[in-house]
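File shown: structure25.csv (CSV, C-alpha atoms).
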chain,number,residue,atom,x,y,z
I,1,ARG,CA,73.3,53.9,138.0
I,2,VAL,CA,74.3,57.1,139.7
I,3,GLN,CA,77.9,56.7,138.6
I,4,MET,CA,76.8,56.0,135.0
I,5,ALA,CA,74.6,59.2,135.0
I,6,ALA,CA,77.5,61.2,136.4
I,7,MET,CA,79.8,59.9,133.6
I,8,ARG,CA,77.2,60.8,131.0
I,9,ILE,CA,76.9,64.4,132.4
I,10,LEU,CA,80.7,64.7,132.5
I,11,TYR,CA,81.0,63.4,128.9
I,12,ILE,CA,78.3,65.8,127.6
I,13,SER,CA,79.9,68.7,129.4
I,14,PHE,CA,83.3,67.8,128.0
I,15,SER,CA,81.8,67.6,124.5
I,16,LEU,CA,80.2,71.0,124.8
I,17,VAL,CA,83.3,72.7,126.0
I,18,THR,CA,85.4,71.0,123.2
I,19,LEU,CA,82.8,72.2,120.6
I,20,ALA,CA,82.9,75.7,122.0
I,21,LEU,CA,86.7,75.9,121.8
I,22,CYS,CA,86.8,74.5,118.3
I,23,ALA,CA,84.0,76.7,116.9
I,24,PRO,CA,85.2,79.5,114.5
I,25,GLN,CA,85.6,82.9,115.9
I,26,VAL,CA,82.3,84.9,115.6
I,27,LYS,CA,82.7,88.1,113.6
I,28,ASP,CA,80.4,91.0,114.4
I,29,GLU,CA,78.9,92.9,111.5
I,30,ILE,CA,79.7,96.6,111.7
I,31,GLU,CA,78.2,99.6,110.1
I,32,ILE,CA,79.3,100.3,106.6
I,33,GLN,CA,80.6,103.9,106.1
I,34,ASP,CA,80.4,104.2,102.3
I,35,CYS,CA,82.5,107.0,100.7
I,36,GLY,CA,81.3,106.7,97.1
I,37,SER,CA,81.2,103.1,96.0
I,38,GLN,CA,80.0,101.9,92.6
I,39,ALA,CA,79.2,98.5,94.1
I,40,GLU,CA,76.3,97.8,96.5
I,41,LEU,CA,78.0,97.2,99.9
I,42,LEU,CA,76.1,94.5,101.8
I,43,SER,CA,78.0,93.6,104.9
I,44,LEU,CA,81.3,94.4,106.7
I,45,THR,CA,83.0,92.3,109.4
I,46,PHE,CA,86.3,93.1,111.1
I,47,ASP,CA,87.9,90.6,113.5
I,48,GLY,CA,87.3,91.7,117.2
I,49,CYS,CA,85.3,94.8,116.2
I,50,SER,CA,81.6,95.3,116.9
I,51,GLN,CA,81.7,99.1,117.0
I,52,TYR,CA,83.9,102.0,115.9
I,53,PRO,CA,86.7,102.7,116.4
I,54,CYS,CA,88.0,99.2,115.7
I,55,ILE,CA,90.9,98.5,118.0
I,56,VAL,CA,94.0,97.2,116.3
I,57,HIS,CA,97.3,96.3,117.9
I,58,GLN,CA,100.8,97.1,116.9
I,59,GLY,CA,102.6,94.0,115.5
I,60,GLU,CA,99.4,92.3,114.5
I,61,THR,CA,97.4,92.0,111.3
I,62,ALA,CA,93.9,93.3,111.2
I,63,ARG,CA,91.5,91.3,109.1
I,64,GLY,CA,87.9,91.6,107.9
I,65,GLN,CA,85.6,90.8,105.0
I,66,LEU,CA,83.4,93.0,102.8
I,67,THR,CA,80.5,91.5,100.9
I,68,MET,CA,79.3,93.4,97.9
I,69,ARG,CA,77.4,93.2,94.6
I,70,ALA,CA,79.0,94.7,91.5
I,71,LYS,CA,76.9,97.3,89.8
I,72,THR,CA,79.5,97.8,87.0
I,73,ALA,CA,81.9,95.5,85.3
I,74,THR,CA,85.7,95.9,85.6
I,75,THR,CA,88.7,93.8,84.5
I,76,SER,CA,90.8,94.6,87.6
I,77,LEU,CA,90.5,95.9,91.2
I,78,THR,CA,93.4,97.9,92.7
I,79,CYS,CA,93.6,98.4,96.4
I,80,LYS,CA,94.5,101.8,97.8
I,81,ILE,CA,94.4,103.0,101.5
I,82,VAL,CA,94.9,106.4,102.9
I,83,GLY,CA,94.9,107.3,106.6
I,84,ILE,CA,92.9,110.4,107.6
I,85,ILE,CA,94.4,112.2,110.6
I,86,LEU,CA,93.2,115.6,111.7
I,87,GLY,CA,91.4,115.9,108.3
I,88,LEU,CA,94.5,115.3,106.3
I,89,GLU,CA,94.7,112.3,103.9
I,90,LEU,CA,98.1,110.6,104.2
I,91,PRO,CA,99.1,107.9,101.7
I,92,PHE,CA,99.5,104.4,103.2
I,93,ASN,CA,100.9,101.3,101.4
I,94,GLY,CA,99.1,98.8,103.6
I,95,CYS,CA,97.1,96.6,101.3
I,96,PRO,CA,98.1,94.2,98.5
I,97,VAL,CA,97.7,96.2,95.3
I,98,ASN,CA,96.0,93.4,93.3
I,99,ALA,CA,92.7,93.1,95.2
I,100,CYS,CA,91.5,90.4,92.7
I,101,ASP,CA,93.9,87.9,94.5
I,102,HIS,CA,92.0,88.6,97.8
I,103,LEU,CA,88.4,87.8,96.6
I,104,SER,CA,87.2,84.6,98.4
I,105,THR,CA,84.0,84.8,96.4
I,106,GLY,CA,83.9,86.1,92.8
I,107,ASP,CA,86.9,86.9,90.6
I,108,CYS,CA,88.3,89.3,88.1
I,109,GLU,CA,87.0,90.1,85.5
I,110,VAL,CA,84.1,91.3,87.6
I,111,GLU,CA,80.7,91.1,85.9
I,112,GLU,CA,77.7,93.3,86.6
I,113,GLU,CA,75.6,91.9,89.5
I,114,GLU,CA,78.4,89.5,90.5
I,115,MET,CA,78.6,88.8,94.3
I,116,LEU,CA,82.0,89.4,95.7
I,117,VAL,CA,83.6,88.8,99.1
I,118,TYR,CA,86.8,90.8,99.6
I,119,ASP,CA,89.2,89.5,102.3
I,120,MET,CA,90.7,92.6,103.9
I,121,GLU,CA,93.9,92.6,105.8
I,122,ILE,CA,96.2,95.3,107.0
I,123,GLU,CA,99.5,94.9,108.9
I,124,VAL,CA,99.8,97.1,111.9
I,125,LEU,CA,103.5,97.7,112.3
I,126,ASP,CA,105.2,98.3,115.6
I,127,ALA,CA,106.5,101.5,114.1
I,128,TYR,CA,103.0,103.0,113.8
I,129,PRO,CA,102.1,105.5,116.5
I,130,LYS,CA,99.4,104.8,119.0
I,131,LEU,CA,96.5,107.0,117.8
I,132,GLU,CA,93.1,107.2,116.3
I,133,VAL,CA,92.9,107.2,112.5
I,134,VAL,CA,90.3,106.8,109.9
I,135,ALA,CA,91.3,104.3,107.2
I,136,LYS,CA,89.8,105.2,103.8
I,137,TRP,CA,89.9,101.9,102.0
I,138,MET,CA,89.3,101.9,98.2
I,139,LEU,CA,89.2,99.4,95.4
I,140,LYS,CA,89.8,101.2,92.1
I,141,ALA,CA,88.1,99.9,88.9
I,142,ASP,CA,90.1,99.7,85.7
I,143,ASN,CA,88.9,103.2,84.8
I,144,GLY,CA,90.2,104.6,88.1
I,145,ASP,CA,86.7,105.1,89.7
I,146,ASN,CA,86.0,103.9,93.2
I,147,PHE,CA,84.5,100.5,92.7
I,148,MET,CA,84.4,100.3,96.5
I,149,CYS,CA,85.2,103.0,99.1
I,150,ILE,CA,84.7,102.7,102.8
I,151,THR,CA,86.0,104.5,105.8
I,152,VAL,CA,86.9,102.5,109.0
I,153,PRO,CA,87.7,104.5,112.2
I,154,MET,CA,90.5,102.6,114.0
I,155,LYS,CA,92.4,103.0,117.2
I,156,ILE,CA,96.0,101.7,117.2
I,157,GLU,CA,97.1,100.4,120.6

Would you mind writing the file out in structure tokens?
Amino acid sequence: RVQMAAMRILYISFSLVTLALCAPQVKDEIEIQDCGSQAELLSLTFDGCSQYPCIVHQGETARGQLTMRAKTATTSLTCKIVGIILGLELPFNGCPVNACDHLSTGDCEVEEEEMLVYDMEIEVLDAYPKLEVVAKWMLKADNGDNFMCITVPMKIE
């Protein structure tokens, strides 16, 4: 009986460890820093980031998700990122231009009140200097307005 109880405890322990290892990575929700969005921004997660600045590493891809509700309709969403260093906005070609291809919920044409989940990713090249930068991430509507605009303080390591 004692041996059977020990086997049961061992089996349960092994099952719990296996479950924990197979569970998806928990993403912490971080504060949204809105810089003039037309959409209602509901939540923002960034892998491995629970507070600003988000730490990103050279040679890796930083990923996150932004959940939002459209307040205006648009036929397209165009991604644009600038890096803000010492108050200067520097152009950055770090996101796929057609953001419609990166919606895991919703699609283009975007309808008013439609729920959207935008899968964000930015490649952090080895050539980037190790520094703190504020990424200004925008999705432009077909009329050129900021459908979505957020700032994300980051530290490149």

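Taking atom CA of Thr151 of chain I and atom CA of Gln33 of chain I as endpoints, the distance between them is 5.4 Å.
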
ask   = Glu29 of chain I: which residues within 7 Å, counting only C-alpha atoms, same-chain residues fewer than 5 positions away excluded, as a list in words?
value =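 So the residues in contact are Ser43, Leu44, Thr45 and Ser50 of chain I.
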
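Minimum distance to Ile150 of chain I across I:Glu121, I:Asp107, I:Asp34, I:Asp101 (counting all atoms listed in the file) occurs at I:Asp34.
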
message = Give me, as a ChimeraX atom specification, all polymer residues having an atom no more than 10 Å from Leu139 of chain I, counting all atoms listed in the file and skipping those fewer than 6 positions away in the same chain.
response = /I:37-38,76-81,97-100,118,145-150

ask   = Which residue out of I:Cys54, I:Val152, I:Cys49, I:Leu66 has the minimum interatomic distance to Leu116 of chain I when all atoms listed in the file are used?
value = I:Leu66
